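K.L.:
Let me give you the structure first, and then I'll get to my questions.
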Amino acid sequence: MLKMIQKRLPIELSNEDAAYIQQNLQTRYNSLFHKIRLEYLNRLGLDTNSYSLTLPSASSELILGELFMPEPGLICYIKAVRGSGYLEAGAITNEAECDTDSFFIDVREAVCERCQNVPSWQLPPEYETLSIDGSEPGNISIEPKDMAAARALMDSASRNLLAKIKDAGSIFLNKIYTDDRKTTEAYIRNFEALKLINKEYAVLCRRTGQQILRVAERSTIDESSQKSFKCFICGNPIAQEVVEEIATSNDLCSEMFNDNKWLLVLIQGILGELGVPSEAIRVYRDPNLPARLFLNINGLRFLLVLCTEELNLDQANLISAHLTAYSLHQAIIVSTHNISTLMRHHLAKLNENTVFHFICDLNNLDASIKDILLGELRNHVIAQLNDISKATPICIPSLVIARMLPQPVKQEEAPEASQPAPESEPAPVYVSPSEAEPKAESDSAQVLDADTVELLTELTTDESAADDDKASKKSKKSKKS
């Protein structure tokens, strides 16, 4: 998961202050704009004293802006919008372990060299920890056995079968009604391997059908036969009686179905696999109501609602109340049942400023959640860097996204194996009408992949060479005449 840190210094800068701070940091770090501007001066035959001519003008909305690349996997930036009252610095990294503190220390030192009474760094309001009344901390440290058990319940047929065993306490396998005995037996074997059920064996009197013996291991029946044990009803040897398999629920099975904990375990496990830390998650649970997770990832706030029953109006109103109370603008509804168009419209109407994502196919749950979170994260990075892009005609946000959070390769673009990969349906993520059309300003912020960037570079180089050739021919022609 991409990590983004933002901090602000509440201070108003003059043009001279901004120029000093920017150039001070450019001497300490490998900067992007600085090298490009020096190349402009070099090609025009100007000395470096003319560098101030490349800085934002007095009428520019951006008073300073620069991107730095201290080390691989880390991009830092500074920016200050005229009249905003603060200087913002940020760090974007896709490395699990990366030193970002040094950059913020150096930025503040540069400001202190120019300004007096510089306050401490402050977090933007959206980065503050969510305080949810009655909630509990999240937990991404899911035991592998619990995660495997939760994944076994993603399939509705598997989940319904286990629920039937749990409700009965124990059940003879031959008494389970099914249209597909082979699949049912495969589910049972999987439950047993995951320790969700215990399998036992019962010996029934062939004459009366009454149970005369129940053991945990089939070998125990064979041992009893060898010891000449007989049925106490009919007197026949044990080996001649009927032996039936019994599935019995256990504590893990009951725990997974208690308040539908299996779905909460599954979601937190997936978030952990994506790199979301526990401290970014708050869990809110009510008996007999959908569990809710509040996420704060890089300043983006999400509400995840986990529904194991059909969503009703009371629950929809409760969701709307949470969205309003905590100023959340992203909602992901995960449901084991289909959510009607009417209910989706109702939620969107009640929360016009919220983008809704509906996931009703748990078979693609991992991919759906990943696509939603990374998609919104890309948009967030672009929005934060859009101000800096005003300092250059190059679409900086798109280049940063292509470097730090590239789009996955599409199925048809992947290298072909010896046999073609099976076609897969796209993740069933449904979005409310409020997300239907992208805004106009985001059209210029399309993500460029590495091949496109390389192609643009080659085209620019070819155009420059062509211009040089034209200039040379024109010079020779003027000499002849």
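Order determines the names: the first chain of the structure tokens is A, the second B, and so forth; residues in each chain are numbered 1 upward, and ligands are numbered 1 upward as they are shown.
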Can you tell me, as a short mmCIF file (atom, residue, chain, number, x, y, z; two decimals) with C-alpha atoms, in the first residue's frame, what residues are no more than 10 Å from A:Asn351 when counting only C-alpha atoms, ignoring any on the same chain fewer than 3 positions away?
P.N.:
```cif
data_model
loop_
_atom_site.label_atom_id
_atom_site.label_comp_id
_atom_site.auth_asym_id
_atom_site.auth_seq_id
_atom_site.Cartn_x
_atom_site.Cartn_y
_atom_site.Cartn_z
CA ILE A 319 -25.19 4.20 7.63
CA SER A 320 -26.23 7.72 6.63
CA ALA A 321 -25.98 8.91 10.23
CA LEU A 323 -21.41 9.22 7.19
CA THR A 324 -22.77 12.58 8.30
CA LEU A 328 -17.01 10.52 5.49
CA HIS A 329 -17.15 10.80 1.71
CA HIS A 345 -30.61 5.08 -5.04
CA HIS A 346 -31.95 5.71 -1.54
CA LEU A 347 -28.44 5.73 -0.03
CA ALA A 348 -27.09 7.97 -2.78
CA THR A 354 -20.63 10.40 -0.70
CA VAL A 355 -19.27 7.99 -3.28
CA PHE A 356 -20.71 4.49 -2.77
CA SER A 434 -22.67 10.47 -8.02
#
```
K.L.:
List the spatial neighbours of A:Lys164 as a PDB file with C-alpha atoms, in the first residue's frame - criterion: any atom at most 12 Å away, only C-alpha atoms, same-chain residues fewer than 5 positions off excluded.
P.N.:
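Now in around-v9.pdb:
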```
ATOM      1  CA  ALA A 157     -23.235 -22.914  -0.600  1.00  0.00           C
ATOM      2  CA  SER A 158     -20.319 -23.721   1.698  1.00  0.00           C
ATOM      3  CA  ARG A 159     -21.507 -21.136   4.221  1.00  0.00           C
ATOM      4  CA  GLY A 169     -24.920 -29.272  16.657  1.00  0.00           C
ATOM      5  CA  SER A 170     -24.237 -32.602  14.972  1.00  0.00           C
ATOM      6  CA  ILE A 171     -25.731 -34.215  11.897  1.00  0.00           C
ATOM      7  CA  PHE A 172     -25.465 -37.554  10.093  1.00  0.00           C
ATOM      8  CA  LEU A 173     -23.801 -36.907   6.741  1.00  0.00           C
ATOM      9  CA  LYS A 175     -29.108 -37.118   6.294  1.00  0.00           C
ATOM     10  CA  ILE A 176     -27.925 -33.927   4.590  1.00  0.00           C
ATOM     11  CA  TYR A 177     -30.154 -33.259   1.595  1.00  0.00           C
ATOM     12  CA  ILE A 188     -17.192 -31.486   4.536  1.00  0.00           C
ATOM     13  CA  ILE A 197     -16.026 -29.326  12.422  1.00  0.00           C
ATOM     14  CA  ALA A 247     -20.320 -33.953  11.444  1.00  0.00           C
ATOM     15  CA  THR A 248     -20.190 -32.004  14.721  1.00  0.00           C
ATOM     16  CA  SER A 249     -19.665 -28.261  15.069  1.00  0.00           C
ATOM     17  CA  CYS A 253     -17.356 -22.890  13.999  1.00  0.00           C
ATOM     18  CA  SER A 254     -19.566 -21.200  16.594  1.00  0.00           C
ATOM     19  CA  PHE A 257     -20.912 -17.385  13.075  1.00  0.00           C
TER      20      PHE A 257
END
```
K.L.:
Compile the contact shell of A:Met147 as a list of chain:residue names: residues with an atom at most 8 Å away, counting only C-alpha atoms, same-chain residues fewer than 6 positions apart removed.
P.N.:
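In the requested form, the answer reads A:Val265, A:Leu266, A:Gly269.
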K.L.:
Quick one: pull the distance between atom CA of A:Met69 and atom CA of A:Asn30, Å, one decimal.
P.N.:
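According to the coordinates, atom CA of A:Met69 and atom CA of A:Asn30 are separated by 5.5 Å.
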K.L.:
Residues near stretch 208-216 of chain A, anyone? I mean within 9 Å using only C-alpha atoms, not counting same-chain ones fewer than 5 positions away, as a list in words.
P.N.:
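The filter keeps Asn198, Lys199, Glu200, Tyr201, Ala202, Val203, Ile221, Cys231, Phe232, Ile233, Cys234 and Val242 of chain A.
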K.L.:
Looking at A:Phe358, A:Tyr77, A:Phe294, A:Phe302, which one is nearest to A:Ser340, with distances taken over only C-alpha atoms?
P.N.:
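Closest candidate: A:Phe358.
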K.L.:
Extract, using only C-alpha atoms, all DNA, RNA and protein residues at most 8 Å from stretch 262-264 of chain A, discarding same-chain residues fewer than 2 positions from it, and format them as a ChimeraX atom specification.
P.N.:
/A:149-150,153,256-257,260,266-268,291,306
K.L.:
Could you please take those selected residues and save C-alpha atoms as a PDB file, in the first residue's frame?
P.N.:
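To be explicit, this is the file written out as selection_23.pdb:
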```pdb
ATOM      1  CA  ALA A 149     -11.711 -20.610   7.869  1.00  0.00           C
ATOM      2  CA  ALA A 150     -13.201 -17.217   6.953  1.00  0.00           C
ATOM      3  CA  LEU A 153     -17.342 -19.128   4.145  1.00  0.00           C
ATOM      4  CA  MET A 256     -17.120 -17.622  13.167  1.00  0.00           C
ATOM      5  CA  PHE A 257     -20.912 -17.385  13.075  1.00  0.00           C
ATOM      6  CA  ASN A 260     -20.982 -13.059  11.648  1.00  0.00           C
ATOM      7  CA  LEU A 266     -12.007 -11.753   6.324  1.00  0.00           C
ATOM      8  CA  ILE A 267     -12.112  -7.985   5.693  1.00  0.00           C
ATOM      9  CA  GLN A 268      -9.449  -7.152   8.274  1.00  0.00           C
ATOM     10  CA  ALA A 291     -20.420  -4.452  11.562  1.00  0.00           C
ATOM     11  CA  LEU A 306     -20.460  -5.634   6.355  1.00  0.00           C
TER      12      LEU A 306
END
```
K.L.:
Counting only C-alpha atoms, which residue out of A:Glu95, A:Asp167, A:Glu241, A:Glu61 sits closest to A:Gly73?
P.N.:
A:Glu95
K.L.:
Can you work out which one of A:Met154, A:Gln122, A:Leu2, A:Asn258 has the shortest atom-to-atom distance to A:Asn94, counting only C-alpha atoms?
P.N.:
A:Leu2
K.L.:
Within 10 Å of A:Gly83, counting only C-alpha atoms, which residues qualify if same-chain residues fewer than 6 places away don't, as a count of residues only?
P.N.:
6
K.L.:
For A:Ile388, list every protein, DNA or RNA residue within 10 Å, evaluated using only C-alpha atoms, and leave out those in the same chain fewer than 5 positions away; present the list as a list of chain:residue names.
P.N.:
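Those residues are A:Leu62, A:Ile63, A:Leu64, A:Gly65, A:Glu66, A:Leu67, A:Tyr77, A:Ile78, A:Lys79, A:Ala80, A:Val81, A:Ala383, A:Cys395, A:Ile396, A:Pro397.
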K.L.:
Please extract the residues of stretch 31-238 of chain A with a backbone DSSP assignment of strand (DSSP E) and present them as number ranges by chain.
P.N.:
A: 62-71, 74-81, 87-93, 136-137, 170-172, 197-204, 211-215
K.L.:
Taking C-alpha atoms for each residue, export the selection above as a compact mmCIF listing (two decimals), in the first residue's frame.
P.N.:
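Result file follows (part.txt):
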```txt
# COMPACT_ATOMS: atom_id res chain seq x y z
CA LEU A 62 1.66 29.06 -6.50
CA ILE A 63 4.35 30.88 -4.52
CA LEU A 64 6.68 27.86 -4.46
CA GLY A 65 6.60 24.24 -5.48
CA GLU A 66 9.20 21.54 -5.97
CA LEU A 67 9.55 17.75 -6.13
CA PHE A 68 12.53 15.95 -4.58
CA MET A 69 13.80 12.38 -4.95
CA PRO A 70 16.01 11.67 -1.90
CA GLU A 71 16.21 7.91 -2.51
CA LEU A 74 10.56 8.00 -2.07
CA ILE A 75 9.26 11.23 -3.59
CA CYS A 76 8.95 14.37 -1.45
CA TYR A 77 7.42 17.73 -2.24
CA ILE A 78 6.88 21.24 -0.91
CA LYS A 79 4.25 23.70 -1.99
CA ALA A 80 2.67 26.93 -0.83
CA VAL A 81 -0.38 28.51 -2.42
CA LEU A 87 3.58 25.81 3.77
CA GLU A 88 2.84 22.17 3.01
CA ALA A 89 5.39 19.37 2.75
CA GLY A 90 4.72 15.76 1.90
CA ALA A 91 6.34 12.40 1.31
CA ILE A 92 5.09 9.58 -0.92
CA THR A 93 6.67 6.15 -0.62
CA GLU A 136 -12.67 -0.71 19.18
CA PRO A 137 -9.22 -0.84 17.57
CA SER A 170 -24.24 -32.60 14.97
CA ILE A 171 -25.73 -34.22 11.90
CA PHE A 172 -25.46 -37.55 10.09
CA ILE A 197 -16.03 -29.33 12.42
CA ASN A 198 -15.18 -32.60 14.11
CA LYS A 199 -16.04 -35.86 12.45
CA GLU A 200 -17.32 -38.74 14.53
CA TYR A 201 -18.58 -42.25 13.81
CA ALA A 202 -21.77 -43.88 15.09
CA VAL A 203 -22.61 -47.60 15.15
CA LEU A 204 -26.33 -48.26 14.62
CA GLN A 211 -27.32 -45.86 18.14
CA ILE A 212 -25.25 -48.24 20.23
CA LEU A 213 -21.78 -46.70 19.98
CA ARG A 214 -20.24 -43.30 19.07
CA VAL A 215 -16.50 -42.75 18.71
```
K.L.:
Considering only alpha helix (DSSP H) as DSSP defines it on the backbone, what residues of stretch 51-118 of chain A qualify? List them as a PyMOL selection string.
P.N.:
chain A and resi 101-114
